[in-house]
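A.B. asks: Please read through the structure below; I'll follow up with questions.
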Amino acid sequence: MLVKHLGSCHCGAVKFEVEAPADLRVFRCNCSICLKKQNHHFIIPKRQFVLLTGADYLTKYTF
């Protein structure tokens, strides 16, 4: 069963919602940035993602 999860960036300018299972399966990235910040990731189809606010704050990130 899919439920709505709300999320945001650290400062709160970008807000989004995703439809995903209630028990999310997240992945630990082992790059130096994600390890330091303890980031976790999950992947969903684009159709299950809605950007609520902050589109003007988004840019392309290159590691």
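Chain labels follow the order of the structure tokens: the first chain is A, the next B, and so on; residue numbering restarts at 1 in every chain, and ligands are counted from 1 in their shown order.
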Near Arg47 of chain A, within 12 Å and counting only C-alpha atoms, which residues show up once chain neighbours fewer than 6 positions away are dropped, as number ranges by chain?

C.D. replies: A: 17-20

A.B. asks: Give me a file of those residues, with C-alpha atoms, as a PDB file, in the first residue's frame.

C.D. replies:
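As written to disk, again.pdb reads:
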ATOM      1  CA  GLU A  17       5.720  14.719  -1.410  1.00  0.00           C
ATOM      2  CA  VAL A  18       6.122  11.173  -2.630  1.00  0.00           C
ATOM      3  CA  GLU A  19       3.823   8.189  -2.753  1.00  0.00           C
ATOM      4  CA  ALA A  20       5.744   5.186  -1.524  1.00  0.00           C
TER       5      ALA A  20
END

A.B. asks: Go through A:Gln48, A:Pro21, A:Asp56, A:Phe63 and flag the residue nearest Ile33 of chain A, using only C-alpha atoms for the distances.

C.D. replies: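 When distances to Ile33 of chain A are compared using only C-alpha atoms, the smallest one comes from A:Phe63.
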
A.B. asks: At a cut-off of 12 Å, using only C-alpha atoms, what residues contact Val50 of chain A? Leave out same-chain residues fewer than 4 positions from it and give the result as a list in words.

C.D. replies: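 In the requested format, the answer is Lys4, His5, Leu6, Gly7, Ser8, Val14, Lys15, Phe16, Glu17, Val18, Glu19, Ala20, Ile44, Pro45, Lys46, Gly54 and Ala55 of chain A.
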
A.B. asks: Find the residue from A:Tyr61, A:His10, A:His41, A:Lys36 that sits nearest to Leu24 of chain A; use only C-alpha atoms when measuring.

C.D. replies: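 Checking each candidate against Leu24 of chain A, we get A:His41 as the closest.
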
A.B. asks: Identify all residues of chain A in strand (DSSP E or B) (DSSP on the backbone) and supply them as a PyMOL selection string.

C.D. replies: chain A and resi 2-8+15-21+27-28+40-41+49-53

A.B. asks: Just the residues within 9 Å of Asn39 of chain A, please, counting only C-alpha atoms, with nothing from its chain fewer than 5 positions along; format it as a PyMOL selection string.

C.D. replies: chain A and resi 27-29+33-34

A.B. asks: Produce a file of the selected residues containing C-alpha atoms, as a PDB file, in the first residue's frame.

C.D. replies:
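Below you can see result-v2.pdb, which holds the result:
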ATOM      1  CA  PHE A  27      19.856   2.826   0.558  1.00  0.00           C
ATOM      2  CA  ARG A  28      23.044   4.025   2.190  1.00  0.00           C
ATOM      3  CA  CYS A  29      25.399   5.754  -0.215  1.00  0.00           C
ATOM      4  CA  ILE A  33      29.682  13.375   1.263  1.00  0.00           C
ATOM      5  CA  CYS A  34      26.846  10.960   2.080  1.00  0.00           C
TER       6      CYS A  34
END

A.B. asks: Using DSSP on the backbone coordinates, identify all residues within chain A classified as alpha helix (DSSP H); present the result as a PDB file with C-alpha atoms, in the first residue's frame.

C.D. replies:
ATOM      1  CA  SER A  32      32.463  10.750   1.086  1.00  0.00           C
ATOM      2  CA  ILE A  33      29.682  13.375   1.263  1.00  0.00           C
ATOM      3  CA  CYS A  34      26.846  10.960   2.080  1.00  0.00           C
ATOM      4  CA  LEU A  35      28.943   9.090   4.640  1.00  0.00           C
ATOM      5  CA  LYS A  36      29.817  12.337   6.410  1.00  0.00           C
ATOM      6  CA  LYS A  37      26.211  13.603   6.407  1.00  0.00           C
TER       7      LYS A  37
END

A.B. asks: Using Å and a single decimal, report how far atom CA of Leu58 of chain A sits from atom CA of Ala13 of chain A.

C.D. replies: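 For atom CA of Ala13 of chain A relative to atom CA of Leu58 of chain A, the distance reads 9.7 Å.
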
A.B. asks: Atom CA of Leu51 of chain A and atom CA of Cys11 of chain A are how many Å apart?

C.D. replies: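 Interatomic distance here is 15.4 Å.
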
A.B. asks: With only C-alpha atoms as the atoms that count, which of A:Ala22, A:Gly12, A:Val3, A:Cys31 lies nearest to Phe49 of chain A?

C.D. replies: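 Among A:Ala22, A:Gly12, A:Val3, A:Cys31, it is A:Val3 that comes nearest to Phe49 of chain A.
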